[in-house]
Amino acid sequence: MIALISRRFIQLVLLLFGISFLVFGSMHLAPGDPATIIGGPTASDSDIAAIRDSLGLNDPFLVQYWDYLKNIFQGDFGYSYQTKQSVAEAIAIRFPNTLNLAIASMIVAVVIGVIAGIISALKQNSWLDVTSTVFALGGISIPNFWLGTILILVFAVNLQILPVGGLSAPFWTVEGMKQLILPAITLGTGSAAMIARMSRSSMLEVIKADYIRTARSKGVKEKTVIWIHALKNSMIPVITVIGLNFGFLLGGTIITEQVFAINGVGRLMIDAIAARDFPMVQGSVLLVATLFVLVNLIVDIVYVFIDPRISYD
Amino acid sequence: MEVLEKKSLLKLDGVQKYFPIKGGFLKRVQGHVKAVEDVSLDVYEGESIGIVGESGCGKSTLGRTILGLEDITNGKVLYKDSEIQSLSGSKWKELTKEMQMIFQDPYASLNPRQRIGNALEEVFVMHTNLSSSERRQKVYDLLKEVGLKEEHYDRYPHEFSGGQRQRIGIARAIALNPSVIICDEAVSALDVSVQAQVLKLLKNLQEKYGLTYLFISHDLGVVRYFCDRVVVMYLGNTVELASSRDLYSNPLHPYTRALLSSIPRPKVGARKDRIRLTGEIPNPANPPSGCPFHTRCPLATDICKQAKPEWREIEKDHFVACHHVEQEVVN
Amino acid sequence: MSAEAVLNEEIQPETKSKKEKFLVTTFKRLIKNKLAVIGLVIIALQLILAIAAPVIATHDPLKQALADSELPAFSEGHWLGTDNYGRDIWSRIVYGARISLSVGLLAVTLGLLGGVTLGLISGYYRRLDGIIMRLVDLLFAFPGILLAMLIIAILGTSLVNVAIAISIWSIPSCARIVRGSVLTVKKQEYIQAMRSLGASDFRIHVKHILPNCMAPIIVFATMRMATAILSTSALSFLGLGAQPPTPEWGAMIAQGQNFMWTSPHMTIVPGIAIMLIVFAFNVVGDGLRDALDPNMDLNQ
Amino acid sequence: MSNELLYVTNLNTAFRTADGELSAVRGISFSVDKGETLCIVGESGCGKSITSLSLMGLLPSNGYIKEGSIDFAGRNLTTLSKEELRKVRGKDISMIFQEPMTALNPVLTIGYQLREPLMLHKKISKREANKQGIDLLKQVGIPYPEKRMNQYSHELSGGMRQRVMIAIALACRPQLLIADEPTTALDVTIQAQILDLIQDLKDDLNMGVIMVTHDMGVVAEVADKVMVMYAGEKVEEGDVESIFNSPQHPYTQGLLRSVPDVDDPSFELEAIPGSLPNLNENITGCRFHPRCPFAMDCCKTESPKEYDVNGTHRVKCWLQEVREDGSAREKVAT
Amino acid sequence: SGGSDGGNASTDVPQELTYASTSDAVGLSPIMTNDSVSSRIIEQVYETLFTRNPETMEVEPKLAESYETPDENTWVIKLKEDIQFTDGTPFNAEAVKYTFDKFRDPKTAAPRASLLEPISEVNVVDEYTVEIKTEKPYGAMLAALSHTNASIVSPEADKAQDLMKEPVGTGPFKFVSWTQGDQVVLEKNADYWQGEPKLEKVTFKVVPEVNTAISMLQTGDVQFIDAIPSEQLKRVESLKNVEITKNEGTPMYYMGFNMNREPMKDLEFRQAAAYALDREAYVKKLNGLGVQGNSIIGPKVFGFDESANEEGYSHDAEKAKEMVEKNGYGDQKLTILTANTEAYMMMAEIAQSQLTQAGFNVEIESMEWGTFLDTTKEGNFDITFMGWSNSTADGSELLYPNFHSDNIGSSNRMAYSNPEFDKLVEESRSNVDQEVRQQKLDEANKLLVEDAPAVIMHHGVVTAAYDKSVKGLQVDPTGQWSLYNVSRE
Ligand SMILES: Nc1ncnc2c1ncn2[C@@H]1O[C@H](COP(=O)(O)OP(=O)(O)OP(=O)(O)O)[C@@H](O)[C@H]1O
Ligand SMILES: Nc1ncnc2c1ncn2[C@@H]1O[C@H](COP(=O)(O)OP(=O)(O)OP(=O)(O)O)[C@@H](O)[C@H]1O
Ligand SMILES: [Mg+2]
Ligand SMILES: [Mg+2]
């Protein structure tokens with residue numbers, strides 16, 4: 001296990017190199033020039049030239065990349081082309097919000113998803129199953145924008161029991177929780193849908209197994225049969241999906257952040273890409289990549305605890 | 001059935017297989033189960049060699065290790081003078097054509113989503129160029145040979161009884177006429193009549209093709225009937241090896257004796273007094289020093305606790321690892 | 001020569017009949033599932049819509065009528081209403097089915113091909129696992145829009161490229177889901193048994209591991225349809241793929257979002273279309289999963 | 001109060017399959033008394049396991065009891081609700097399954113699976129259950145049970161798994177134990193130990209045992225009564241001496257002849273020719289007749305009646321009739 | 001004065017105001033930014049030398065006291081005395097020179113550097129007098145100096161800190177805090193030279209989604225939003241607690257032709273396209289948030305003359321069809337390149353449909369903003385849509401960058417080149433006599449309308465929606481507003 005973890009960290013470093021290079025390269029390859037965007041349509045040629053120069057964009061590509069790497073080794077993730085803010089600081093401001101939101105919506109997703117999935121599986125093809133299927137599909141086919149706006153309309157505007165948006169209070173306060181509820185539901189439904197469908201299907205895979213019969217032969221309550229004997233065996237794909245979704249959420253979710261005016265990483269990244277704000281894009285991509293590797297590491301470790309037959313060495 | 005020219009087909013040289021024990025929060029390796037400690041053995045072409053021993057003494061692990069399904073910890077397995085563990089790709093495929101295994105757990109060794117007809121046919125798909133109708137015919141023949149029917153072709157493994165599944169495993173192993181078959185409890189789930197039928201089949205194949213069997217079994221009656229030689233294992237070690245005639249009439253190792261005395265006889269009231277093994281059952285993760293059997297041996301003395309007995313040829317072709325054999329023989 | 005030919009002739013019907021038999025029994029099992037039948041019917045209907053669009057549509061889907069814009073559903077002449085440019089929504093839905101269905105299917109198929117392959121390899125070969133999974137992490141972390149922009153820059157804008165872009169987004173998820181299942185399945189005894197029978201790795205993967213990982217793959221693929229159709233709109237907004245005024249469901253929803261307050265039907269109608277198709281694929285997927293699961297008793 | 005524990009009448013179990021309905025068990029009746037061991041023997045695939053599973057109410061999803069009643073301690077198990085049946089299982093009736101690898105949960109520790117019935121039915125604490133679990137493992141002869149409690153089934157040898165299954169089944173000291181080939185993977189010393197253990201429990205608790213086995217040695221050692229099954233039907237039943245000493249049905253006779261003899265090195269195996277018919281095969285008359293060396297015309301057309309050999313020994317074979325009047329011997333086919 | 005009347009009534013309402021914008025400010029330095037959100041905040045914190053009266057559209061002095069132009073290339077500006085920046089630095093000629101020099105320094109790379117580009121030198125004459133020299137006469141000087149980007153910054157503060165993060169100006173409000181991506185908080189400048197403002201605290205909140213901002217306006221989380229999209233207008237109008245202002249504004253939106261490509265080079269093509277466009281129908285779709293007209297220079301922009309609307313080519317479907325048929329314009333497939341923002345997409349969709357009806361063969365190609373800027377700059381388009389906010393409200397500042405041949409390859413995306421027109425624009429820029437400038441601009445405007453390298457889609461209407469408790473808010477035609485006179489009741 002320790003070997004696994006240390007191996008992962010080495011891989012992570014390599015990955016970060018690789019991805020920073022790729023992102024750097026593709027930002028240069030993609031159309032659009034940061035200077036033109038900063039200058040806007042009003043800017044004259046000389047304005048833009050001056051901006052380009054001040055951003056160091058006239059250096060050859062590899063020189064720029066090398067400079068970037070050098071700075072990173074000194075712990076300096078650069079400064080935004082546009083706002084001149086420190087990238088590290090900009091991310092530090094937003095990441096806690098994203099993390100809050102990701103955790104809250106994952107809780108929503110896992111609780112709803114797993115329960116709905118299991119009920120579906122147990123009552124396969126019953127009206128309960130069909131209902132939960134329809135809800136799950138609704139969850140994945142309704143765009144977050146729509147759902148979020150409707151939720152705001154109902155709970156914030158009409159009933160006035162929850163705030164419209166923002167995420168200013170820490171999540172452990174009542175205010176913070178109130179602020180999180182709607183966005184968490186909005187975001188959670190998609191994941192919940194996937195988790196529900198996944199749980200249902202893997203539950204159906206294992207429920208016919210011989211060891212389930214053994215459990216029943218012991219007189220174990222049906223609930224225990226499901227929640228312990230079957231669930232653990234069916235968890236691998238579900239855990240994978242949970243990990244995946246959590247990873248995605250940690251990377252920031254543009255639409256929900258926008259609808260609920262949450263100051264998160266997703267918006268930061270999208271704005272940065274729109275503005276061709278290379279250092280900012282780089283910074284956020286590196287963050288997201290690191291998070292992904294960490295989440296996947298955790299998922300891989302969880303696998304071992306779920307299924308003792310799995311080993312990585 | 002004297003073997004005139006003994007040609008060693010399969011040679012086990014100090015085979016050892018340890019499994020790591022993981023535990024604790026980080027699942028760190030905390031020790032090793034010494035499933036197979038030290039097994040050296042020559043298997044001659046065309047013979048059936050029985051492997052018997054206490055449950056958990058490493059028989060299946062030995063079988064799987066021979067076939068390369070487990071990484072070997074130490075030692076070598078030579079098949080026709082080439083080391084199995086280092087085979088790769090096409091060589092490996094060649095080998096599997098010649099060496100097959102019947103798994104102890106037939107249910108687990110069948111793909112639950114494959115009809116058994118397809119499972120059997122697949123063997124021919126992989127190793128022969130038979131046309132599909134020929135293959136199908138072969139499968140029907142195989143099914144018949146192990147006492148199943150053509151109608152079973154389209155069924156899935158879960159639709160069979162335990163014994164039927166075991167026969168599917170046997171059919172799959174003999175499909176290609178291999179030279180060596182490792183039978184791990186191959187007939188344990190069969191009723192005596194079908195068992196007799198299957199054993200006869202195996203014997204016939206042996207006579208026809210000079211097959212070699214490694215026959216792991218707990219049924220000492222079957223072993224006696226089926227095998228030319230028998231190895232007795234205890235806690236990952238071989239403790240006695242002899243021709244079945246010798247072994248059954250003149251068991252030397254105290255464990256072998258205990259074993260033979262415990263065979264239930266199929267006669268009502270025929271129950272003999274058996275040798276009851278008392279004392280501590282040793283832990284394969286931490287085997288006792290000296291003779292592995294000393295904790296339960298009725299003859300154990302101090303020397304047994306200290307020195308591991310040598311593997312000695314006491315009589316011709318009768319090997320045993322025990323400090324007290326001579327003394328016994330003399331008595 | 002002739003003998004061979006005869007032989008071949010004999011073989012072919014056999015093989016065919018075997019495959020056919022498998023398909024037929026699977027299909028028979030499938031249509032025992034009422035929901036799956038409903039799903040099949042929905043898919044068939046949508047396909048008919050897509051193919052016969054010119055016949056079924058009541059209006060030119062591109063024809064604007066600014067004066068008649070934002071008519072609600074069940075208006076005269078426009079039973080599903082009109083959009084903000086006065087275009088007939090029913091006709092747009094009908095024509096939109098073509099693009100949305102084909103992009104959705106193509107994207108999911110491509111994504112599955114990539115994802116399943118990577119997942120299988122990575123799950124089975126310990127040595128490649130690290131590399132492939134980090135590659136997958138890289139794909140995950142790589143911003144989607146940037147990718148789309150690159151695709152436009154390098155490959156240009158076409159519907160196939162939309163499908164490619166979307167499929168690249170599905171590859172990492174798919175790969176991880178498959179890998180997770182492979183990790184469990186490969187430790188099963190029957191996989192070892194296949195190895196001992198001399199099965200090639202390819203055979204083990206495709207015939208033995210894959211069928212036993214099918215359940216999560218089916219779920220993933222059928223759910224992904226929704227995401228794929230919805231994300232088409234984001235891409236056409238970037239200039240990749242179907243451009244306005246071409247009707248396409250995802251874009252219709254995106255456009256309607258600005259009119260949620262005044263003309264909610266502009267989003268609800270295409271939303272329902274997507275939901276129906278995703279529902280259909282899901283229940284058919286469920287049915288297929290059951291039909292492929294020999295352990296499943298369909299008669300009870 | 002009667003001594004009767006289990007009374008099965010006319011049990012019919014069938015499967016739904018692609019080829020239609022298949023009858024696996026056809027009208028079997030038998031009984032088990034307290035403190036009695038019934039051994040079921042019969043050809044592989046003849047329906048022994050399905051009979052056992054029917055008793056437990058744990059048939060595969062496509063199997064169902066078509067007919068018959070199962071009276072256990074005064075209750076008809078076939079009419080109990082799921083919840084009531086659950087309460088009986090594990091506590092009053094428990095079962096050792098035939099294939100221990102697939103019957104044990106691969107992702108739960110041995111300890112968990114063993115503690116579970118103890119905590120559930122005996123309402124004891126986890127720690128206590130752990131202690132008793134270790135004791136149980138010791139009783140079934142597993143070395144270092146403390147360690148094994150934390151292991152998973154794939155880390156055990158075949159015989160160990162089987163012993164774990166046995167320990168689980170015995171955990172709650174059931175009134176009725178159904179053991180489906182419980183000792184196939186065990187070496188004889190441990191087998192003897194296990195059989196002794198079951199014998200002791202039987203004596204202590206007056207437990208009834210149904211044991212499915214192929215090992216005639218085991219039958220001879222433990223059985224009070226033996227039931228011989230063939231192709232889903234009961235063909236012969238009787239006390240153990242009577243069956244071993246004077247088997248009546250040609251199938252039983254064939255079976256006993258096939259047992260390899262350890263004590264006789266020159267022994268040659270003799271198998272019953274032919275094979276078990278398919279479940280859906282429509283055989284008129286006696287289901288054994290195609291393989292029976294003594295088959296007569298009536299065997300082909302009419303199902304044999306059940307004949308009483310002596311008070312406890314019953315057999316279903318037309319030969320009985322022949323024997324009774326002693327005249328038709330010549331009719332015996334070759 | 002005005003504020004003190006409301007003083008009594010407003011006791012229970014906190015004098016605080018929250019404004020929502022859809023994006024965050026890029027920064028809070030007038031020198032380093034060029035976006036509207038930043039300028040909204042900068043407008044409250046800093047001040048310019050001159051300002052344009054929102055009603056009369058006349059330029060009036062603000063921090064300046066008066067000015068004179070001794071010669072065409074020299075502007076001598078007298079400054080108001082006794083004004084201090086909020087950090088205590090005195091406002092004087094030094095500060096003005098510092099600001100402008102910094103602004104013009106290529107090393108600074110100010111995004112709006114072109115604004116003061118004609119200036120060659122800034123000299124301190126005395127404590128309160130600066131002299132600005134230009135190479136060529138610069139007619140739009142006062143308009144440029146009233147642009148938010150020409151606000152005067154505190155030199156001390158600029159040296160000590162990053163004005164992008166912590167702005168210091170002379171304005172009615174001073175900076176309190178900025179949470180990036182979330183909000184900027186200002187408080188009143190109690191020492192403001194015109195007397196302290198009524199609002200105690202102002203928050204500029206980022207609410208990226210207009211729908212959400214409107215919901216917040218409805219619930220009272222936000223009191224003020226502006227630039228309402230036309231699709232949302234109905235909803236805002238339905239809110240009971242909300243007041244809406246709509247004023248004709250300076251922004252203009254046009255369809256531009258690539259003058260380097262066939263057949264757009266062809267005047268007849270452009271005429272046909274203009275005839276094909278039913279701009280009346282289009283403007284109606286804007287729900288009153290647009291003004292129709294043919295004049296390129298809008299009614300609120302210096303240089304506009306009503307008569308220009310009479311020129312040009314109004315909707316005439318028949319004529320368009322005829323011309324298309326005659327010239328075979330439908331044979332060639334052309335693309336309408338558009339940025340993927342709502343407003344432009346709408347223009348593109350409607351225009352595409354109308355052009356198609358007239359027989360043109362046009363397709364839409366949408367692009368993300370950054371790519372769009374690049375692509376149009378490189379001239380890779382046939383027809384496109386663009387807009388100009390005219391924040392100086394001066395016609396020269398519209399015609400020169402967008403249509404003058406000097407700017408081909410940058411802001412003159414259509415590559416329009418007409419020497420006669422160039423000359424008129426140059427004259428309008430280089431003349432300091434406003435009468436003459438008006439004259440020249442009108443001529444240039446009409447010429448442009450005739451030549452139709454661009455067809456006006458609509459002139460903007462600036463909007464604001466605010467809670468009924470908000471009083472005294474006035475929105476400039478440029479879309480700017482000052483909160484100085486605003487109070488809550
Ligand atoms: N799920 C099923 N569907 C259809 N047929 C089945 C199913 N399970 C078992 N069978 C059939 O039922 C018959 C009886 O099976 P059962 O398991 O009771 O045999 P058994 O007597 O226990 O045999 P063995 O000694 O080999 O275990 C067999 O012929 C088997 O093929
Ligand atoms: N994967 C594994 N991990 C850890 N320990 C294992 C593993 N496989 C086997 N063992 C241990 O190795 C020892 C030998 O097991 P093996 O299966 O070879 O026994 P066996 O002789 O075949 O017994 P049986 O007759 O009961 O089948 C046992 O102690 C078992 O617990
Ligand atoms: Mg074994
Ligand atoms: Mg059985």
# chains A, B, ... in the order shown; residues from 1 in each chain; ligands from 1
>>> select_by_dssp(residues="range 160-258 of chain C", states="alpha helix (DSSP H)", output="number ranges by chain")
C: 160-185, 189-196, 201-203, 210-212, 214-238, 249-256
>>> closest_atom_pairs(of="chain B", to="ligand 4", cutoff="9 Å", atoms="only C-alpha atoms and all ligand atoms", output="tab-separated table")
residue	atom	partner	partner_atom_place_in_ligand_line	distance
B:Phe160	CA	ligand 4	1 (Mg)	8.8
B:Ser161	CA	ligand 4	1 (Mg)	5.1
B:Gly162	CA	ligand 4	1 (Mg)	4.8
B:Gly163	CA	ligand 4	1 (Mg)	6.6
B:Gln164	CA	ligand 4	1 (Mg)	8.8
B:Ala189	CA	ligand 4	1 (Mg)	7.9
>>> write_last_selection(atoms="all heavy atoms", output="PDB file, in the first residue's frame")
ATOM      1  N   PHE B 160     -26.463 -26.514 -13.411  1.00  0.00           N
ATOM      2  CA  PHE B 160     -26.024 -27.889 -13.217  1.00  0.00           C
ATOM      3  C   PHE B 160     -25.907 -28.224 -11.741  1.00  0.00           C
ATOM      4  O   PHE B 160     -25.831 -27.340 -10.891  1.00  0.00           O
ATOM      5  CB  PHE B 160     -24.653 -28.085 -13.874  1.00  0.00           C
ATOM      6  CG  PHE B 160     -24.720 -28.117 -15.366  1.00  0.00           C
ATOM      7  CD1 PHE B 160     -24.561 -26.963 -16.103  1.00  0.00           C
ATOM      8  CD2 PHE B 160     -24.961 -29.305 -16.025  1.00  0.00           C
ATOM      9  CE1 PHE B 160     -24.633 -26.992 -17.482  1.00  0.00           C
ATOM     10  CE2 PHE B 160     -25.029 -29.341 -17.405  1.00  0.00           C
ATOM     11  CZ  PHE B 160     -24.868 -28.186 -18.133  1.00  0.00           C
ATOM     12  N   SER B 161     -25.858 -29.490 -11.496  1.00  0.00           N
ATOM     13  CA  SER B 161     -25.578 -29.911 -10.121  1.00  0.00           C
ATOM     14  C   SER B 161     -24.075 -29.923  -9.921  1.00  0.00           C
ATOM     15  O   SER B 161     -23.306 -29.841 -10.882  1.00  0.00           O
ATOM     16  CB  SER B 161     -26.157 -31.297  -9.882  1.00  0.00           C
ATOM     17  OG  SER B 161     -25.300 -32.275 -10.430  1.00  0.00           O
ATOM     18  N   GLY B 162     -23.649 -30.004  -8.662  1.00  0.00           N
ATOM     19  CA  GLY B 162     -22.231 -29.958  -8.343  1.00  0.00           C
ATOM     20  C   GLY B 162     -21.432 -30.992  -9.127  1.00  0.00           C
ATOM     21  O   GLY B 162     -20.389 -30.689  -9.711  1.00  0.00           O
ATOM     22  N   GLY B 163     -21.926 -32.191  -9.145  1.00  0.00           N
ATOM     23  CA  GLY B 163     -21.206 -33.256  -9.823  1.00  0.00           C
ATOM     24  C   GLY B 163     -21.150 -33.052 -11.321  1.00  0.00           C
ATOM     25  O   GLY B 163     -20.149 -33.355 -11.975  1.00  0.00           O
ATOM     26  N   GLN B 164     -22.225 -32.521 -11.859  1.00  0.00           N
ATOM     27  CA  GLN B 164     -22.239 -32.270 -13.299  1.00  0.00           C
ATOM     28  C   GLN B 164     -21.203 -31.230 -13.669  1.00  0.00           C
ATOM     29  O   GLN B 164     -20.485 -31.354 -14.664  1.00  0.00           O
ATOM     30  CB  GLN B 164     -23.638 -31.823 -13.731  1.00  0.00           C
ATOM     31  CG  GLN B 164     -24.646 -32.964 -13.703  1.00  0.00           C
ATOM     32  CD  GLN B 164     -26.077 -32.484 -13.850  1.00  0.00           C
ATOM     33  OE1 GLN B 164     -26.405 -31.344 -13.513  1.00  0.00           O
ATOM     34  NE2 GLN B 164     -26.938 -33.358 -14.326  1.00  0.00           N
ATOM     35  N   ALA B 189     -16.921 -34.822  -6.102  1.00  0.00           N
ATOM     36  CA  ALA B 189     -18.346 -34.531  -5.996  1.00  0.00           C
ATOM     37  C   ALA B 189     -19.189 -35.528  -6.766  1.00  0.00           C
ATOM     38  O   ALA B 189     -20.366 -35.334  -6.967  1.00  0.00           O
ATOM     39  CB  ALA B 189     -18.622 -33.117  -6.496  1.00  0.00           C
TER      40      ALA B 189
END
>>> interface_residues(of="chain E", to="chain C", cutoff="8 Å", atoms="only C-alpha atoms", output="ChimeraX atom specification")
/E:231-232,234-235,281-282,285,340,349-350,353,364-368
>>> residues_near_ligand(ligand="ligand 3", cutoff="10 Å", atoms="only C-alpha atoms and all ligand atoms", output="list in words")
Gly53, Glu54, Ser55, Gly56, Cys57, Gly58, Lys59, Ser60, Thr61, Leu62, Gly63, Arg64, Phe103, Gln104, Asp105, Asp184, Glu185, Ile216, Ser217 and His218 of chain B; Leu156, Ser157, Gly158, Gly159, Met160, Arg161, Ala185 and Leu186 of chain D
>>> residues_near_ligand(ligand="ligand 1", cutoff="7 Å", atoms="only C-alpha atoms and all ligand atoms", output="PyMOL selection string")
(chain B and resi 158-164+189-191) or (chain D and resi 15+17+22+24+42-51+60+62-63+278-279)
>>> closest_atom_pairs(of="chain A", to="ligand 2", cutoff="12 Å", atoms="only C-alpha atoms and all ligand atoms", output="JSON lines")
{"residue": "A:Pro308", "atom": "CA", "partner": "ligand 2", "partner_atom_place_in_ligand_line": "3 (N)", "distance": 10.2}
{"residue": "A:Arg309", "atom": "CA", "partner": "ligand 2", "partner_atom_place_in_ligand_line": "1 (N)", "distance": 8.2}
{"residue": "A:Ile310", "atom": "CA", "partner": "ligand 2", "partner_atom_place_in_ligand_line": "1 (N)", "distance": 10.9}
{"residue": "A:Ser311", "atom": "CA", "partner": "ligand 2", "partner_atom_place_in_ligand_line": "1 (N)", "distance": 11.1}
>>> interface_residues(of="chain A", to="chain C", cutoff="7 Å", atoms="only C-alpha atoms", output="PyMOL selection string")
chain A and resi 15+19+26+30-31+137-138+140-142+146+197-198+201-202+208+236-237+240-241+244+285+288-289+292-293+309-310
>>> write_last_selection(atoms="C-alpha atoms", output="tab-separated table (two decimals), in the first residue's frame")
chain	number	residue	atom	x	y	z
A	15	LEU	CA	1.74	13.69	-15.03
A	19	ILE	CA	-0.14	18.06	-18.60
A	26	SER	CA	-2.56	23.79	-26.70
A	30	ALA	CA	-5.63	27.29	-29.99
A	31	PRO	CA	-6.76	30.42	-31.77
A	137	LEU	CA	-33.08	9.86	-16.04
A	138	GLY	CA	-34.67	13.18	-15.29
A	140	ILE	CA	-29.29	13.32	-15.91
A	141	SER	CA	-31.30	14.82	-18.77
A	142	ILE	CA	-32.33	18.04	-17.06
A	146	TRP	CA	-32.66	24.68	-15.76
A	197	ARG	CA	-28.36	3.30	-12.04
A	198	MET	CA	-24.98	1.85	-11.31
A	201	SER	CA	-27.33	-2.78	-12.00
A	202	SER	CA	-24.46	-4.09	-9.93
A	208	LYS	CA	-28.29	-14.01	-7.37
A	236	ILE	CA	-16.73	-1.44	-7.12
A	237	PRO	CA	-18.45	0.25	-10.07
A	240	THR	CA	-15.68	4.24	-9.32
A	241	VAL	CA	-18.56	6.44	-10.32
A	244	LEU	CA	-15.27	10.07	-10.95
A	285	VAL	CA	-5.40	22.55	-14.62
A	288	VAL	CA	-7.49	19.67	-11.08
A	289	ALA	CA	-5.01	17.07	-12.25
A	292	PHE	CA	-7.89	13.72	-9.83
A	293	VAL	CA	-4.84	11.71	-9.08
A	309	ARG	CA	-8.82	-10.02	-3.87
A	310	ILE	CA	-7.63	-6.84	-5.53
>>> interface_residues(of="chain A", to="chain B", cutoff="12 Å", atoms="only C-alpha atoms", output="list of chain:residue names")
A:Met1, A:Ile2, A:Ala3, A:Leu4, A:Ile5, A:Glu205, A:Lys208, A:Ala209, A:Asp210, A:Ile301, A:Val302, A:Val304, A:Phe305, A:Pro308, A:Arg309, A:Ile310, A:Ser311, A:Tyr312, A:Asp313
>>> write_last_selection(atoms="N, CA and C atoms", output="CSV table (one decimal), in the first residue's frame")
chain,number,residue,atom,x,y,z
A,1,MET,N,0.8,-1.2,0.0
A,1,MET,CA,0.0,0.0,0.0
A,1,MET,C,0.9,1.3,0.0
A,2,ILE,N,1.9,1.2,0.9
A,2,ILE,CA,2.8,2.4,0.9
A,2,ILE,C,3.5,2.5,-0.4
A,3,ALA,N,3.8,1.3,-1.0
A,3,ALA,CA,4.5,1.3,-2.3
A,3,ALA,C,3.6,1.9,-3.3
A,4,LEU,N,2.3,1.6,-3.2
A,4,LEU,CA,1.3,2.1,-4.2
A,4,LEU,C,1.3,3.6,-4.1
A,5,ILE,N,1.2,4.1,-2.8
A,5,ILE,CA,1.1,5.5,-2.6
A,5,ILE,C,2.3,6.3,-3.2
A,205,GLU,N,-26.5,-7.8,-10.3
A,205,GLU,CA,-25.5,-8.8,-10.7
A,205,GLU,C,-25.2,-9.7,-9.5
A,208,LYS,N,-28.0,-12.6,-7.1
A,208,LYS,CA,-28.3,-14.0,-7.4
A,208,LYS,C,-27.1,-14.9,-7.0
A,209,ALA,N,-26.1,-14.4,-6.4
A,209,ALA,CA,-24.9,-15.2,-6.1
A,209,ALA,C,-25.2,-16.2,-5.0
A,210,ASP,N,-24.3,-17.2,-5.0
A,210,ASP,CA,-24.5,-18.3,-4.0
A,210,ASP,C,-24.3,-17.8,-2.6
A,301,ILE,N,-7.4,2.7,-3.3
A,301,ILE,CA,-7.2,2.2,-2.0
A,301,ILE,C,-8.6,1.6,-1.5
A,302,VAL,N,-9.6,2.3,-1.7
A,302,VAL,CA,-10.9,1.8,-1.3
A,302,VAL,C,-11.3,0.5,-1.9
A,304,VAL,N,-9.3,-1.9,-2.5
A,304,VAL,CA,-8.7,-3.0,-1.8
A,304,VAL,C,-9.5,-3.3,-0.5
A,305,PHE,N,-10.1,-2.3,0.1
A,305,PHE,CA,-10.8,-2.5,1.3
A,305,PHE,C,-12.2,-3.2,1.0
A,308,PRO,N,-11.0,-7.7,-1.2
A,308,PRO,CA,-9.7,-8.1,-0.7
A,308,PRO,C,-8.9,-8.9,-1.8
A,309,ARG,N,-9.6,-9.3,-2.8
A,309,ARG,CA,-8.8,-10.0,-3.9
A,309,ARG,C,-8.0,-9.1,-4.7
A,310,ILE,N,-8.4,-7.8,-4.7
A,310,ILE,CA,-7.6,-6.8,-5.5
A,310,ILE,C,-6.3,-6.5,-4.9
A,311,SER,N,-5.3,-6.5,-5.6
A,311,SER,CA,-4.0,-6.0,-5.1
A,311,SER,C,-3.2,-5.4,-6.2
A,312,TYR,N,-2.3,-4.5,-5.9
A,312,TYR,CA,-1.6,-3.8,-7.0
A,312,TYR,C,-0.2,-4.2,-7.0
A,313,ASP,N,0.2,-5.2,-6.3
A,313,ASP,CA,1.7,-5.5,-6.4
A,313,ASP,C,1.9,-7.0,-6.8
